[in-house]
Amino acid sequence: MENDNTVLLNPPLFALDKDAPLHYAGEICGFRVHNGPSGSGSVQFEAVVLDRSTGEGLVRSKEPLDCESQREHSFTIQAYDCGEGPDGVNSKKSHKATVHVRVNDVNEFSPVFVERRYEASVPEGRLFDRIVRVEALDADCSPQYSQICFYDIITPNVPFAIDNDGNIKNTEPLDSKRQRVHTFWVTAFDCGKNRAQADAQVVVTVKPSCKPGWIGWTKRVEYTPGSGSIPLFPSLHLETCEETVWNIQATVELQTGHIGKGCDRDSYSDRSVRRLCGAVRGEVDLLPPPSPAANWTSALPTLPSSDSSLIFSFNGSNHVAVVPDSVVSALSGDHFTLQLWMRRGGANIQPATTQTRGNRKEEETIVCSTVRNDDSFSHYSLSVHGCRLSLFYWPDVSAARPVKFLWKLEQVCDSEWHHLSLSVQFPSVTLYVDGVTFDPALIHDNGAIPNPAPRQRMFIGACWEPEEKQKEILNNTIPEGKDSGDLLVSHCCHYHGLLSGVTVRPGSVEPHSVVECLYACREGLDFGDLETLGSGMKVHVNPSQSVLVLEGDDIESFNRAVQQVTYRNSLRFATPGVRPLKLTTSLRCFNEESCLSLKQLEGYLVVLQPDAPQISLSGVGPHLARPAPEFEGPRGVPLFPELRIVCSLSHAVNTAAQGMEALMSDAVAHTLDGCEVQPLGEELNPEREELLVDMDVVRERGLEIINTTAYIAITGAESISVYEDVLRSVRYRLAKGSARFERRFRLSCSEMNGRYTSNELTLEVNFLHSLDSLYHPSHLLASQQQFLHPSHHAGELSGHTLPNPHRNSVVPGAATVIIMVCVGFLVVMVILGVFRIRSIHRRGEGARGGAKEGSGQWDDSALTIIVNPMESYESRMGISADTEGEGEEDEEVAESPDDASDDQRIIIKKEGRDGNARRY
């Protein structure tokens with residue numbers, strides 16, 4: 001027994017000696033203990049003889065045994081007799097016997113709990129098989145006393161129960177509103193019915209009912225243009241309600257299909273974007289805006305677009321654009337790059353369904369072309385059929401066989417805008433869809449196909465029927481007496497959808513970097529910091545940055561990754577509006593049957609209205625006065641030599657001193673995309689006047705210019721300094737003898753395809769005429785016609801209206817009245833001079849001599865009087881027809897300097913010798 005030194009042997013210890021039972025002989029004198037396998041038998045145990053004659057012995061420990069330190073002992077024992085005498089001479093030893101000693105345990109220890117406090121949290125309203133498990137240990141060595149036989153909850157009236165293994169469960173559904181935290185005590189008993197030394201405390205927190213899903217979702221997210229990147233879900237995290245998942249995948253989708261061609265891009269013309277992206281010049285626009293020079297697109301319906309491009313609609317039946325031969329002739333060669341924006345279907349279309357995609361319909365041709373290459377003709381056609389894009393290429397229609405390149409693409413039939421770039425360097429063909437390269441799924445020889453006619457032509461939106469079929473159609477439909485050559489070519493394979501920016505550039509193919517730049521979105525989804533991405537996490541963004549996919553296996557890492565998803569927009573003047581957002585989540589659990597299913601979340605991103613830039617034109621006018629001969633020089637006179645263009649952004653700031661908001665303007669480096677110089681009033685007369693521009697500067701910068709008699713338009717995305725240089729070179733020139741008195745011009749600039757415009761700068765050009773240049777009567781006639789025959793903009797003369805609708809008929813009379821008034825004024829001045837001379841001389845002199853003397857003195861110098869002909873003319877026209885009797889009032893009007901509003905003057909000179917007045 002533990003804590004005792006007596007060993008109870010079974011069987012008892014006896015040693016026998018076969019010698020005769022004599023004194024000493026046949027008696028057992030003692031036992032020796034030898035070490036056993038444990039090596040401690042001789043130290044801890046000893047054996048003594050109880051009866052020498054019977055050989056009975058006793059084994060005992062030298063000190064009490066402890067079961068907890070060593071439960072079992074093993075050693076050997078050996079007996080020896082007394083020999084032949086009391087000295088033990090010739091004593092004999094027995095064989096060794098093995099003794100196994102097992103120490104019986106005493107229940108001396110009580111159970112002890114591993115933790116003094118146990119905590120758990122459970123959602124409300126559910127019954128659980130186990131909420132938390134408590135555990136107690138007993139230091140006794142035997143299974144009887146070391147095992148915990150049962151646990152007990154000693155706190156009364158709690159809705160919990162505990163089993164013999166220490167598992168605690170609730171006996172009824174818990175309600176967080178009734179009691180949020182439950183606290184109770186438990187104890188433990190070993191199999192010897194010893195109670196634990198100290199009881200354990202259990203705290204159960206009841207959580208509100210758990211609903212699996214995303215917590216912290218914000219339906220509306222606002223974005224201020226110019227903010228760079230902002231997180232979309234800064235406080236979003238996933239709640240799985242303790243469901244064990246081993247894979248999480250979330251897809252964030254930003255819908256921008258309603259913005260331009262699928263996302264926010266530079267709002268410049270396609271030609272400007274190509275130049276900004278570094279594309280090689282020389283592209284030919286196959287669908288240009290309708291104009292007298294490009295009239296083959298005038299019959300096609302167009303749709304409005306948020307960017308600068310023009311969208312053409314093809315109805316799949318009769319809409320086709322026939323490119324003229326003069327344009328097609330510049331597209332020869334088997335190396336070219338074809339680029340276009342495409343959207344299948346009409347203007348109001350829904351995404352294609354599986355049934356729609358499965359329908360077998362006629363092939364739709366986008367571009368069909370036959371061009372001359374030196375002495376041969378080559379043919380190609382780009383078509384779509386279902387979800388397939390095909391390029392049919394015939395390097396030589398008279399000799400070689402055609403080759404068909406086929407691509408199977410979802411982008412062709414998803415009813416969304418996509419950018420296609422086809423680089424042909426036969427026999428190599430490279431296709432870029434939205435900036436991503438796609439290899440042909442099939443390349444094969446089409447075999448025996450009717451050869452296209454060796455005739456140069458190009459169709460957009462359809463193709464022509466083969467010659468044999470055209471003849472058959474003509475023979476069946478031509479009435480007798482009609483010539484088949486007068487009928488139009490029959491079309492087939494009409495395209496149904498939208499096209500924009502269809503260009504072909506012959507020569508070397510476009511680099512991949514240029515194609516990516518042309519398609520690049522300025523807005524999209526992004527990931528904040530890839531270095532913070534946890535282990536096991538994956539992130540993928542599609543090329544258009546409209547779909548971002550996150551995948552991981554750890555919920556905490558996944559929540560941190562979702563909070564790093566950002567929206568970015570690098571445009572300073574982003575397109576305002578709503579961008580719908582979607583978050584789709586799929587979970588995979590170990591138990592697929594009970595795995596959570598989360599519904600799709602929908603929200604929207606609102607891009608706020610950006611601060612509008614103020615484009616200010618200054619440093620010009622409002623008057624420009626130069627001698628008329630300068631305008632007649634070979635280079636004319638610059639209209640805006642000191643023009644200054646400044647672009648600034650205004651934003652509200654808080655003034656701490658007054659507690660109010662004030663507008664502050666900051667000058668920014670900016671880009672213009674167009675300026676226009678327009679003559680006000682009548683258009684330019686190409687025979688007498690013109691506007692000149694330094695074409696070297698325009699060509700060097702890659703800008704485009706339209707110079708007509710109604711306006712000069714300079715277009716193309718360029719910096720403000722470049723536009724300043726170009727506009728400062730604008731000059732106005734007059735032909736010889738084209739005398740004028742004034743001409744007004746208006747200058748304005750715009751940005752972002754006319755989205756932001758500048759102030760209108762008006763310049764009034766005044767022509768200063770000398771006496772010599774105005775002496776000839778023909779000059780007078782020209783000047784009279786100039787200001788007496790205004791254009792239909794009558795309000796631009798001096799702010800007055802002309803009541804007489806037949807004003808041209810009174811022009812000679814009005815000029816005569818003006819001259820008569822001037823002559824009368826001259827006579828009055830002469831009379832005043834005469835009276836002044838007579839006051840100096842004596843009164844005795846004769847009146848006739850005084851008059852002569854006074855007349856002789858006025859002959860020494862000429863009198864020059866400058867009046868405003870327009871003021872006199874308008875004053876006369878504003879009075880009723882009986883103006884002949886009001887000469888004094890006319891003299892006052894002509895004499896008053898306050899009424900003169902123009903710098904133009906008619907010069908009237910009184911020659912002293914003959915006394916006659918001459919007008920110019």
# chains A, B, ... in the order shown; residues from 1 in each chain; ligands from 1

call {"tool": "residues_around", "arguments": {"residues": "Asp163 of chain A", "least_positions_apart": "6", "cutoff": "9 Å", "atoms": "only C-alpha atoms", "output": "list in words"}}
result
Phe150, Tyr151, Asp152 and Lys169 of chain A

call {"tool": "residues_around", "arguments": {"residues": "Val204 of chain A", "least_positions_apart": "6", "cutoff": "8 Å", "atoms": "only C-alpha atoms", "output": "PyMOL selection string"}}
result
chain A and resi 119-122+181-183

call {"tool": "closest_residue", "arguments": {"among": "A:Arg505, A:His540, A:His100, A:Lys193", "to": "Arg71 of chain A", "atoms": "only C-alpha atoms"}}
result
A:His100

call {"tool": "closest_residue", "arguments": {"among": "A:Asn104, A:Ala161, A:Asp66, A:Arg180", "to": "Asp129 of chain A", "atoms": "only C-alpha atoms"}}
result
A:Ala161

call {"tool": "residues_around", "arguments": {"residues": "Pro11 of chain A", "least_positions_apart": "3", "cutoff": "12 Å", "atoms": "only C-alpha atoms", "output": "list in words"}}
result
Val7, Leu8, Phe14, Glu56, Gly57, Leu58, Val59, Val99 and His100 of chain A

call {"tool": "closest_residue", "arguments": {"among": "A:Met829, A:Val578, A:Cys589, A:Val89", "to": "Arg220 of chain A", "atoms": "only C-alpha atoms"}}
result
A:Val578

call {"tool": "select_by_dssp", "arguments": {"residues": "segment 450-654 of chain A", "states": "helix (DSSP H, G or I)", "output": "VMD selection string"}}
result
chain A and resid 467 to 477 484 to 486 512 to 519 530 to 532 555 to 562 592 to 594 628 to 631

call {"tool": "residues_around", "arguments": {"residues": "Ser557 of chain A", "least_positions_apart": "4", "cutoff": "9 Å", "atoms": "only C-alpha atoms", "output": "CSV table (one decimal) with all heavy atoms, in the first residue's frame"}}
result
chain,number,residue,atom,x,y,z
A,533,LEU,N,-1.2,41.6,-49.4
A,533,LEU,CA,-2.0,40.5,-49.7
A,533,LEU,C,-1.5,39.3,-48.9
A,533,LEU,O,-0.4,38.9,-48.9
A,533,LEU,CB,-2.0,40.2,-51.2
A,533,LEU,CG,-3.0,39.3,-51.8
A,533,LEU,CD1,-4.4,39.9,-51.6
A,533,LEU,CD2,-2.8,39.0,-53.2
A,534,GLY,N,-2.4,38.7,-48.1
A,534,GLY,CA,-2.1,37.6,-47.2
A,534,GLY,C,-1.7,36.3,-48.0
A,534,GLY,O,-1.9,36.2,-49.2
A,535,SER,N,-1.1,35.4,-47.3
A,535,SER,CA,-0.7,34.1,-47.9
A,535,SER,C,-1.9,33.3,-48.3
A,535,SER,O,-2.9,33.3,-47.6
A,535,SER,CB,0.2,33.3,-47.0
A,535,SER,OG,-0.6,33.0,-45.8
A,536,GLY,N,-1.9,32.7,-49.5
A,536,GLY,CA,-3.0,31.9,-50.0
A,536,GLY,C,-4.0,32.8,-50.7
A,536,GLY,O,-5.0,32.2,-51.2
A,537,MET,N,-3.8,34.1,-50.8
A,537,MET,CA,-4.8,35.0,-51.5
A,537,MET,C,-4.4,35.2,-52.9
A,537,MET,O,-3.2,35.3,-53.2
A,537,MET,CB,-4.9,36.3,-50.8
A,537,MET,CG,-5.5,36.3,-49.4
A,537,MET,SD,-7.3,35.9,-49.5
A,537,MET,CE,-7.9,37.1,-50.6
A,552,GLY,N,-9.4,33.1,-51.7
A,552,GLY,CA,-8.6,32.8,-50.6
A,552,GLY,C,-9.2,31.7,-49.7
A,552,GLY,O,-10.4,31.3,-50.0
A,553,ASP,N,-8.5,31.3,-48.7
A,553,ASP,CA,-9.0,30.2,-47.8
A,553,ASP,C,-9.1,30.7,-46.3
A,553,ASP,O,-9.6,30.0,-45.5
A,553,ASP,CB,-8.1,29.0,-47.9
A,553,ASP,CG,-6.7,29.3,-47.7
A,553,ASP,OD1,-6.4,30.5,-47.3
A,553,ASP,OD2,-5.8,28.4,-47.9
A,561,ALA,N,-8.3,41.8,-47.6
A,561,ALA,CA,-8.1,41.9,-49.0
A,561,ALA,C,-9.2,42.7,-49.7
A,561,ALA,O,-9.1,43.6,-50.5
A,561,ALA,CB,-7.9,40.6,-49.7
A,562,VAL,N,-10.5,42.4,-49.2
A,562,VAL,CA,-11.6,43.0,-49.8
A,562,VAL,C,-11.6,44.5,-49.5
A,562,VAL,O,-12.0,45.4,-50.3
A,562,VAL,CB,-12.9,42.4,-49.2
A,562,VAL,CG1,-14.1,43.2,-49.5
A,562,VAL,CG2,-13.1,41.0,-49.8

call {"tool": "closest_residue", "arguments": {"among": "A:Gln564, A:Gln609, A:Gln197, A:Ser513", "to": "Ala136 of chain A", "atoms": "only C-alpha atoms"}}
result
A:Gln197

call {"tool": "closest_atom_pairs", "arguments": {"of": "segment 288-322 of chain A", "to": "segment 360-382 of chain A", "cutoff": "12 Å", "atoms": "only C-alpha atoms", "output": "tab-separated table"}}
result
residue	atom	partner	partner_atom	distance
A:Ser313	CA	A:Ile366	CA	11.9
A:Phe314	CA	A:Ile366	CA	9.8
A:Asn315	CA	A:Glu364	CA	11.0
A:Gly316	CA	A:Glu364	CA	7.9
A:Ser317	CA	A:Glu364	CA	10.4
A:His319	CA	A:Ile366	CA	11.4
A:Val320	CA	A:Ile366	CA	9.6
A:Ala321	CA	A:Val367	CA	9.7
A:Val322	CA	A:Cys368	CA	9.8

call {"tool": "write_last_selection", "arguments": {"atoms": "C-alpha atoms", "output": "PDB file, in the first residue's frame"}}
result
ATOM      1  CA  SER A 313     -25.795  52.666 -86.913  1.00  0.00           C
ATOM      2  CA  PHE A 314     -26.263  49.824 -89.408  1.00  0.00           C
ATOM      3  CA  ASN A 315     -29.678  48.150 -89.521  1.00  0.00           C
ATOM      4  CA  GLY A 316     -28.629  44.909 -91.223  1.00  0.00           C
ATOM      5  CA  SER A 317     -30.715  45.500 -94.350  1.00  0.00           C
ATOM      6  CA  HIS A 319     -27.373  50.666 -94.565  1.00  0.00           C
ATOM      7  CA  VAL A 320     -24.039  50.554 -96.348  1.00  0.00           C
ATOM      8  CA  ALA A 321     -21.208  53.027 -96.891  1.00  0.00           C
ATOM      9  CA  VAL A 322     -19.459  52.907-100.267  1.00  0.00           C
TER      10      VAL A 322
END

call {"tool": "residues_around", "arguments": {"residues": "segment 696-709 of chain A", "least_positions_apart": "6", "cutoff": "6 Å", "atoms": "only C-alpha atoms", "output": "list in words"}}
result
Glu683, Leu684, Thr715 and Gly716 of chain A

call {"tool": "atom_distance", "arguments": {"atom1": "atom CA of Thr757 of chain A", "atom2": "atom CA of Leu727 of chain A"}}
result
16.2 Å

call {"tool": "residues_around", "arguments": {"residues": "Asp105 of chain A", "least_positions_apart": "2", "cutoff": "10 Å", "atoms": "only C-alpha atoms", "output": "number ranges by chain"}}
result
A: 1-3, 65-68, 71, 102-103, 107-108, 140-146

call {"tool": "select_by_dssp", "arguments": {"residues": "segment 181-399 of chain A", "states": "strand (DSSP E)", "output": "PyMOL selection string"}}
result
chain A and resi 181-190+200-207+213-215+220-223+229-231+237-239+245-254+284-285+302-303+311-315+321-323+335-344+364-373+376-385+388-394

call {"tool": "closest_residue", "arguments": {"among": "A:Arg195, A:Gln179, A:Gly226, A:Gly26", "to": "Pro208 of chain A", "atoms": "only C-alpha atoms"}}
result
A:Gln179

call {"tool": "closest_residue", "arguments": {"among": "A:Pro440, A:Gly501, A:Gly754, A:Gly737", "to": "Val273 of chain A", "atoms": "only C-alpha atoms"}}
result
A:Gly501

call {"tool": "atom_distance", "arguments": {"atom1": "atom CA of Ile311 of chain A", "atom2": "atom CA of Cys749 of chain A"}}
result
24.4 Å

call {"tool": "atom_distance", "arguments": {"atom1": "atom CA of Arg281 of chain A", "atom2": "atom CA of Val424 of chain A"}}
result
17.1 Å

call {"tool": "decode", "arguments": {"residues": "segment 291-313 of chain A", "atoms": "N, CA, C and O atoms", "output": "compact mmCIF listing (two decimals), in the first residue's frame"}}
result
# COMPACT_ATOMS: atom_id res chain seq x y z
N SER A 291 -19.61 65.39 -94.66
CA SER A 291 -19.20 66.73 -95.10
C SER A 291 -19.22 66.73 -96.62
O SER A 291 -19.32 65.67 -97.24
N PRO A 292 -19.13 67.90 -97.23
CA PRO A 292 -19.07 67.90 -98.70
C PRO A 292 -17.92 67.09 -99.26
O PRO A 292 -18.04 66.50 -100.33
N ALA A 293 -16.79 67.04 -98.55
CA ALA A 293 -15.66 66.25 -99.05
C ALA A 293 -15.80 64.78 -98.72
O ALA A 293 -15.16 63.94 -99.36
N ALA A 294 -16.60 64.42 -97.72
CA ALA A 294 -16.79 63.02 -97.33
C ALA A 294 -18.29 62.78 -97.20
O ALA A 294 -18.85 62.80 -96.10
N ASN A 295 -18.94 62.58 -98.34
CA ASN A 295 -20.39 62.48 -98.35
C ASN A 295 -20.90 61.05 -98.37
O ASN A 295 -22.10 60.82 -98.42
N TRP A 296 -19.98 60.05 -98.32
CA TRP A 296 -20.47 58.67 -98.41
C TRP A 296 -21.05 58.17 -97.09
O TRP A 296 -21.61 57.07 -97.03
N THR A 297 -20.93 58.97 -96.01
CA THR A 297 -21.53 58.58 -94.74
C THR A 297 -22.77 59.42 -94.41
O THR A 297 -23.34 59.27 -93.33
N SER A 298 -23.17 60.29 -95.32
CA SER A 298 -24.29 61.19 -95.02
C SER A 298 -25.61 60.45 -94.89
O SER A 298 -26.51 60.91 -94.18
N ALA A 299 -25.77 59.30 -95.56
CA ALA A 299 -27.03 58.57 -95.50
C ALA A 299 -27.12 57.64 -94.29
O ALA A 299 -28.18 57.05 -94.05
N LEU A 300 -26.04 57.49 -93.53
CA LEU A 300 -26.06 56.58 -92.39
C LEU A 300 -26.59 57.29 -91.16
O LEU A 300 -26.19 58.44 -90.88
N PRO A 301 -27.48 56.67 -90.40
CA PRO A 301 -27.93 57.30 -89.14
C PRO A 301 -26.82 57.29 -88.10
O PRO A 301 -26.02 56.36 -88.04
N THR A 302 -26.78 58.33 -87.29
CA THR A 302 -25.76 58.46 -86.24
C THR A 302 -26.42 58.54 -84.89
O THR A 302 -27.61 58.87 -84.76
N LEU A 303 -25.65 58.23 -83.87
CA LEU A 303 -26.13 58.24 -82.49
C LEU A 303 -25.26 59.19 -81.68
O LEU A 303 -24.07 59.34 -81.96
N PRO A 304 -25.82 59.81 -80.65
CA PRO A 304 -25.00 60.68 -79.79
C PRO A 304 -24.03 59.85 -78.97
O PRO A 304 -24.28 58.68 -78.64
N SER A 305 -22.91 60.46 -78.64
CA SER A 305 -21.88 59.78 -77.86
C SER A 305 -21.33 60.75 -76.84
O SER A 305 -21.24 61.95 -77.08
N SER A 306 -20.94 60.20 -75.66
CA SER A 306 -20.38 61.04 -74.61
C SER A 306 -18.96 61.46 -74.92
O SER A 306 -18.45 62.41 -74.33
N ASP A 307 -18.28 60.74 -75.82
CA ASP A 307 -16.95 61.16 -76.21
C ASP A 307 -17.02 61.85 -77.56
O ASP A 307 -18.10 62.16 -78.07
N SER A 308 -15.88 62.10 -78.16
CA SER A 308 -15.85 62.92 -79.37
C SER A 308 -16.13 62.14 -80.64
O SER A 308 -16.24 62.72 -81.70
N SER A 309 -16.20 60.81 -80.56
CA SER A 309 -16.35 60.02 -81.77
C SER A 309 -17.78 60.05 -82.26
O SER A 309 -18.73 60.29 -81.51
N LEU A 310 -17.95 59.79 -83.54
CA LEU A 310 -19.25 59.72 -84.17
C LEU A 310 -19.62 58.25 -84.35
O LEU A 310 -18.85 57.46 -84.89
N ILE A 311 -20.80 57.86 -83.87
CA ILE A 311 -21.25 56.47 -83.90
C ILE A 311 -22.24 56.32 -85.04
O ILE A 311 -23.23 57.07 -85.13
N PHE A 312 -22.00 55.35 -85.92
CA PHE A 312 -22.86 55.07 -87.05
C PHE A 312 -23.63 53.79 -86.78
O PHE A 312 -23.07 52.81 -86.27
N SER A 313 -24.91 53.81 -87.14
CA SER A 313 -25.79 52.67 -86.91
C SER A 313 -26.08 51.97 -88.24
O SER A 313 -26.39 52.63 -89.25
